[in-house]
Amino acid sequence: MPTMKLGIKSEAFHRDGQTWLCSSGLPSDVAVEVGDMSFHLHKFPLLSKSGFLEKLIEQLPSEDGSGRVLKLHDIPGGAKAFELVAKFCYDVKIELTSLNIVSLRCAAEYLQMTEDYGEGNLISQTEVFLNEVFGNWTDTVKALETCEEVGAYAEEVHIVSRCIDSLAVKACADPQLFNWPVKGQENAQSPNGTVLWNGISSTTKPQPTGEDWWYEDVSFLRFPLYKLFILSVEAKGLKAENIAASLIHYAKKNIPLINNQSSFNDMNHVGSGATISTNSEVDQRVLLEEIVGLLPSVKGVTTTNFLIGLLRTAMILHASPSCREILEKKIGSQLDQALLVDLLIPNMGYTVETLYDIDCIQRILDHFMYIYHATTASSPCIVEEGQLVGGTDTLTPLTMVASLVDGYLAEVAPDVNLKLPKFHSLAAVIPDYARSMDDGIYHAVDVYLKAHPWLSDSEREQLCRLMNCQKLSLEASTHAAQNERLPLRVIVQVLFFEQLRLRTSISGWFFVSDNLENSQHPSRNLGLPKNDCSRPMESSAQDGEQGGGGKDVKERVSELERECVGMKMELEKLVKAKKSWSLLPKKLGFRRKSQPCIPKADDVKEQTPSASAPQNNGSGDVGQGVVE
């Protein structure tokens, strides 16, 4: 820590209780009261250094007595600062440090200790030392912290602004390029004891310093001073990432609730005011609202996790609606970077309807979709039959948010107080083309149906319209086909599309099989006989191998056929259970087995013998031909 020594005389004062007495041997002719302390001094050393004290002494009565008392209750720094001023006036040794320089400089300004009252007066001496302090990061921070003790006097002599500017310059500079005496490098000695010249060691290389080296130091500042510092570094062009990181560090250090990612019950307890005192809650709320106003507007520089933590804390502390709206919009602009666990925000309302704050997530999601549509308006994506044709890069955030919302819906669906309109409204915000597969939304719908068994058939139908049966995976389709909670119409749709998918697969395998057989027997296409003598005998081994590939294809086709038959049997069972669906088998392609045509008995006529048949003439003789 740099110091500056003034004066040449040894100690000439001694303290007796609340009184300072001069031990020069001469009787005191003036008393100065500062707060509870009283200083018995002499007029000449005071008026020779201070214009303000000269005017006060001139106003004192000329006769001797107890009336010669000067009251300086408003002097910056109080009794401690005036003690140093008095010693300076008597040329007694004093030591200036970064901890007392601000109060002493303000006291010198208050007492008008300029060069008009002597060369090298206290104002000029303190200014010289202040410039030395401003060259050191740690001492500047300490001096800035002491500005709180003198209040507005530090502003009048521009100490605060100069401290802020000095710190901002060092924070914006690269510590690798400029060897500022930052934290941990204040000593003039290297670790090995080698003296540093101009901040450079000839034997040891300075340890590398990251961009966050100053975060901890400024986090101890009171917020008015910290705010001035942040505005200064922002004006000097510091990266938004560094500003956001510093604000996060400051918030976590000074708002304890941000670090308490507690359970739902704990947060309810805090919200009731049982854990936090009223004054502390007010202070934290004001500080949180101020920090939100300082957050950079650049998207992504402030982590989504921290923004959601701020939003939770704002709800607990009952921050202003404008503060919460700003946080919701910031979260919505980068919702694709959020995690599912972050979105599970407990409901902090006085009338708790649902376990989680569904309305808050709805507003965040609406803002995300608003920004998404605004950014894609210049380069619109073409959507055909629920699939995106162009703009894959633009769709990526939307796809991530769709998966996030599906997971969120599955988490909140078991809440029996969650009404169908809220669930449906939140799920319907995501367009159909944002989901490549609908397994996630199907799982959420199934969980909701299980937790709300009292839904009517029309409400179940409305809920199931959120998912596209054609975009279910094989596993999800199998589960849906056996799900008794789904309406029958949805089950039939699932089975129909699965059967259609299997038919398409079978047709594809037949097409591959035909092509493979044609490639094995090219002579069929050329109209040549099968046993062409020009075919080499050595090709028989190759044909055997290709025949093995055809055999695999046929086995796969047979397997698909068996699966298709099994699905038909399941569907027939469902149709028999619902007799009202009599036209269903025809729509799905199931036909009745053709029965053999059996003519009726009364329509059958006996066949009469023909005239050419041999007849019995009664005598038992049969007509015989004449043989010549």
# chains A, B, ... in the order shown; residues from 1 in each chain; ligands from 1
$ residues_around --residues "Leu6 of chain A" --least-positions-apart "3" --cutoff "12 Å" --atoms "only C-alpha atoms" --output "PyMOL selection string"
chain A and resi 3+9-10+84-85+87-97+120-122+125-126+129
$ residues_around --residues "Ala314 of chain A" --least-positions-apart "6" --cutoff "12 Å" --atoms "only C-alpha atoms" --output "JSON, numbers by chain"
{"A": [255, 257, 258, 267, 271, 281, 282, 284, 285, 286, 287, 288, 289, 290, 291, 292, 307, 308, 320, 321, 322, 323, 324, 325, 326, 327, 328, 345, 348]}
$ residues_around --residues "Ser103 of chain A" --least-positions-apart "2" --cutoff "9 Å" --atoms "only C-alpha atoms" --output "list of chain:residue names"
A:Pro76, A:Gly77, A:Gly78, A:Lys80, A:Ala81, A:Leu99, A:Asn100, A:Ile101, A:Arg105, A:Cys106, A:Ala107, A:Ala108, A:Thr146, A:Cys147, A:Glu149, A:Val150, A:Tyr153, A:Ala154
$ residues_around --residues "Thr302 of chain A" --least-positions-apart "6" --cutoff "8 Å" --atoms "only C-alpha atoms" --output "MDAnalysis selection string"
chainID A and resid 241 244:245 295:296
